[in-house]
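To start, the structure under review is shown below, and the notes come after it.
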Amino acid sequence: MTPSLVSPVRLYLSLGSRTRTVFANGLCPRILCPAGCAEAVFRQTPSPWWNGAREFFLRGGSGSTEQQTLEDIANSIRQRQVKRVIVMAGAGISTPSGIPDFRSPGSGLYDNLQQYNLPYAEAIFEIGFFHKNPNPFFALAKELYPGNYRPNLAHYFVRLLHEKGQLLRMYTQNIDGLERLAGIPPQMLVEAHGTFATATCTVCLKKYEGEKLRPDVMSGMVPKCSTCKGVVKPDIVFFGEELPRHFFKYLTDFPMADLLIIMGTSLEVEPFASLAGAVRNSVPRLLINRDLVGPFTWSRCSHDVTQLGDVVSGVQSLVDALGWTRELNAVISADAEKGAAKPEE
C-alpha cells in the first residue's frame, strides 16, 4: 500500500499508537500526539513511511532560548531570511468571508438541511450516506459553490507572499475555493479535503470541470454524468474516501520549510492536524488563531509565536509589521475591480 493510496481512515490507523516526544535541543519537545488525545484510539498500526518521515522532519534544532515575537517573524520575512513559507489554514480564514457554519442550529443553512433528516450533521460528508442520498450534500454545495463568496485579507496575504516568491505551499482544509479565487495558483495549493474545481462521475469515473456542474447545482438538481447518467460528485474528500494524491507533497515540503504559519484552524482533524509538528524543530511557527490549539496548547518553543483573537485582525497585524499594508490593499482593490467588471463583460 503506497502513501498516495491511503484513505483518511487507513491513514489514521497508520499513525502509530505510541505517544512520541522528540527533544531537539533539550528545551522544546514537539509532541506528536498528547497523551489521551481522542484520535489516539484510531492509531493502532505503526507506519514506517509516516514515522520515518516525522523523524527526519524533527531532526536538528537551534540553541536559542529567547522568545520570538510577531515583529521577529515579520523581520525575517521582510528581510527575506525565510524564503520557503508553508501556510496551514482552516475554516477560520473563511468565516470572515461569510461562509456559513452548517453545524450551527439557527443558521439558515443548518435549518435547510433539517428537511433531509440527517442522522447527524457530519453524515453529509460520509461517502456511504452520499451514495444513498446525495441531496443533502448538493443542498450544501449550492451554498458553498465557488463564486458565492469573496476572499478576504487573509487569503490575499498568502497570495502576496506567493508573488514575493516566499510561499512554498499553502495547505488548506477548506473546500470553498477562496484560495484560488484570491489568485493563489493551484500548484501552490494542497487542498487537503478536496476541491469543487473538478468533479468525477461516481460510476464511470469520467472527469468534469467544476463549472460544468454549476447550472445543475444552482438549480437544486443532482448533477448526472452525460455518459452513464451516474451521479457526478465534486472532488471533495468525504469520510471513507482516499486522500488526494497531492496531499503527500508534505513529505518533501515540510522538511524544506523555514517558517510555518498556521491560521484559522482547530487542528483537530487528522491527518492534517499532525502537519503542525512536521517541520524541523529549528523552524519558527506562527499561530494566528482565536484560541491556542494543537501543540501550542501543551508545548511551546522559544520560536513559537501566537497571535490570538480575530484571525483577519491577526493577519492584519502581521501585514502592518511587514510594512505591506499599502501593497496588500492595492492587490485587494485591483481584484475587487476585476470582479466587478466581470458581469459587464
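Chain identifiers are assigned as A, B, and so on, following the order in which chains appear in the C-alpha cells; residues are numbered from 1 within each chain, and ligands are numbered from 1 in order of appearance.
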- Query: So which residues touch region 184-187 of chain A within 9 Å, counting only C-alpha atoms, skipping near sequence neighbours fewer than 5 positions away, as a PyMOL selection string?
  - Reply: chain A and resi 155-156+158-160+162-163+169-170+179
Now that the selection is made, can you save its residues with C-alpha atoms as a PDB file, in the first residue's frame?
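So out-v4.pdb came out as:
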```pdb
ATOM      1  CA  HIS A 155      -6.355  34.863   1.535  1.00  0.00           C
ATOM      2  CA  TYR A 156      -4.793  37.839  -0.227  1.00  0.00           C
ATOM      3  CA  VAL A 158      -0.980  34.368   1.154  1.00  0.00           C
ATOM      4  CA  ARG A 159      -1.230  35.438  -2.482  1.00  0.00           C
ATOM      5  CA  LEU A 160       1.125  38.363  -1.800  1.00  0.00           C
ATOM      6  CA  HIS A 162       3.492  33.908  -3.238  1.00  0.00           C
ATOM      7  CA  GLU A 163       4.013  36.906  -5.505  1.00  0.00           C
ATOM      8  CA  ARG A 169       2.931  25.893  -0.366  1.00  0.00           C
ATOM      9  CA  MET A 170      -0.447  26.551   1.239  1.00  0.00           C
ATOM     10  CA  GLU A 179      -7.713  30.492  -2.113  1.00  0.00           C
TER      11      GLU A 179
END
```
- Contacts of Val293 (chain A) within 9 Å, only C-alpha atoms, excl. fewer than 3 positions in-chain, as a VMD selection string: chain A and resid 265 to 268 287 289 296 to 298
- So which one's closest to Pro96 (chain A), A:Pro146, A:Gly210, A:Gly339, A:Gly264? Using only C-alpha atoms, please. A:Gly264
- Task: Write out as JSON, numbers by chain all residues of region 179-263 of chain A that DSSP puts in strand (DSSP E) for this structure's backbone.
- Result: {"A": [189, 190, 191, 194, 195, 196, 197, 198, 199, 200, 201, 207, 208, 209, 232, 233, 234, 235, 236, 259, 260, 261, 262, 263]}
- Query: A:Val82, A:Ile124, A:Met88, A:Val190: which is nearest Gly165 (chain A), counting only C-alpha atoms?
  - Reply: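 The answer is A:Val82, which sits nearest to Gly165 (chain A).
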- Task: One decimal, Å: what's the distance from CA of Pro234 (chain A) over to CA of Gly220 (chain A), could you say?
- Result: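 Atom-to-atom, CA of Pro234 (chain A) and CA of Gly220 (chain A) are spaced 14.8 Å apart.
Every protein or nucleic acid residue with an atom no more than 8 Å from region 308-317 of chain A, counting only C-alpha atoms and leaving out same-chain residues fewer than 3 positions away, appears here: Gly92, Ile93, Pro96, Asn152, Leu153, Ala154, Phe157, Met263, Gly264, Leu287, Ile288, Asn289, Arg290, Asp291, Leu292, Asp320, Ala321 and Thr325 of chain A.
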- Item | Residue contacts of Ser76 (chain A) (12 Å, only C-alpha atoms) excluding same-chain residues fewer than 2 positions away, as JSON, numbers by chain | {"A": [68, 69, 70, 71, 72, 73, 74, 78, 79, 80, 81, 82, 83, 84, 85, 166, 258, 259, 283, 284, 318, 321, 322]}
- Message: Between CA of His131 (chain A) and CA of Cys225 (chain A), what distance in Å does the model show, to one decimal?
- Response: 14.6 Å
- Message: List the spatial neighbours of Phe247 (chain A) as a PyMOL selection string - criterion: any atom at most 10 Å away, only C-alpha atoms, same-chain residues fewer than 6 positions off excluded.
- Response: chain A and resi 3-4+171+189-194+271-272
- All alpha helix (DSSP H) positions in region 95-228 of chain A, as a PyMOL selection string: chain A and resi 108-113+127-132+135-144+153-163+178-181+210-218
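Nearest to Pro215 (chain A) of all the residues A:Pro295, A:Glu241, A:Lys142, A:Lys233 is A:Lys142, based on only C-alpha atoms.
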- Query: What gap, in Å, lies between CA of Leu161 (chain A) and CA of Asp235 (chain A)?
  - Reply: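 Atom-to-atom, CA of Leu161 (chain A) to CA of Asp235 (chain A), that is 27.0 Å.
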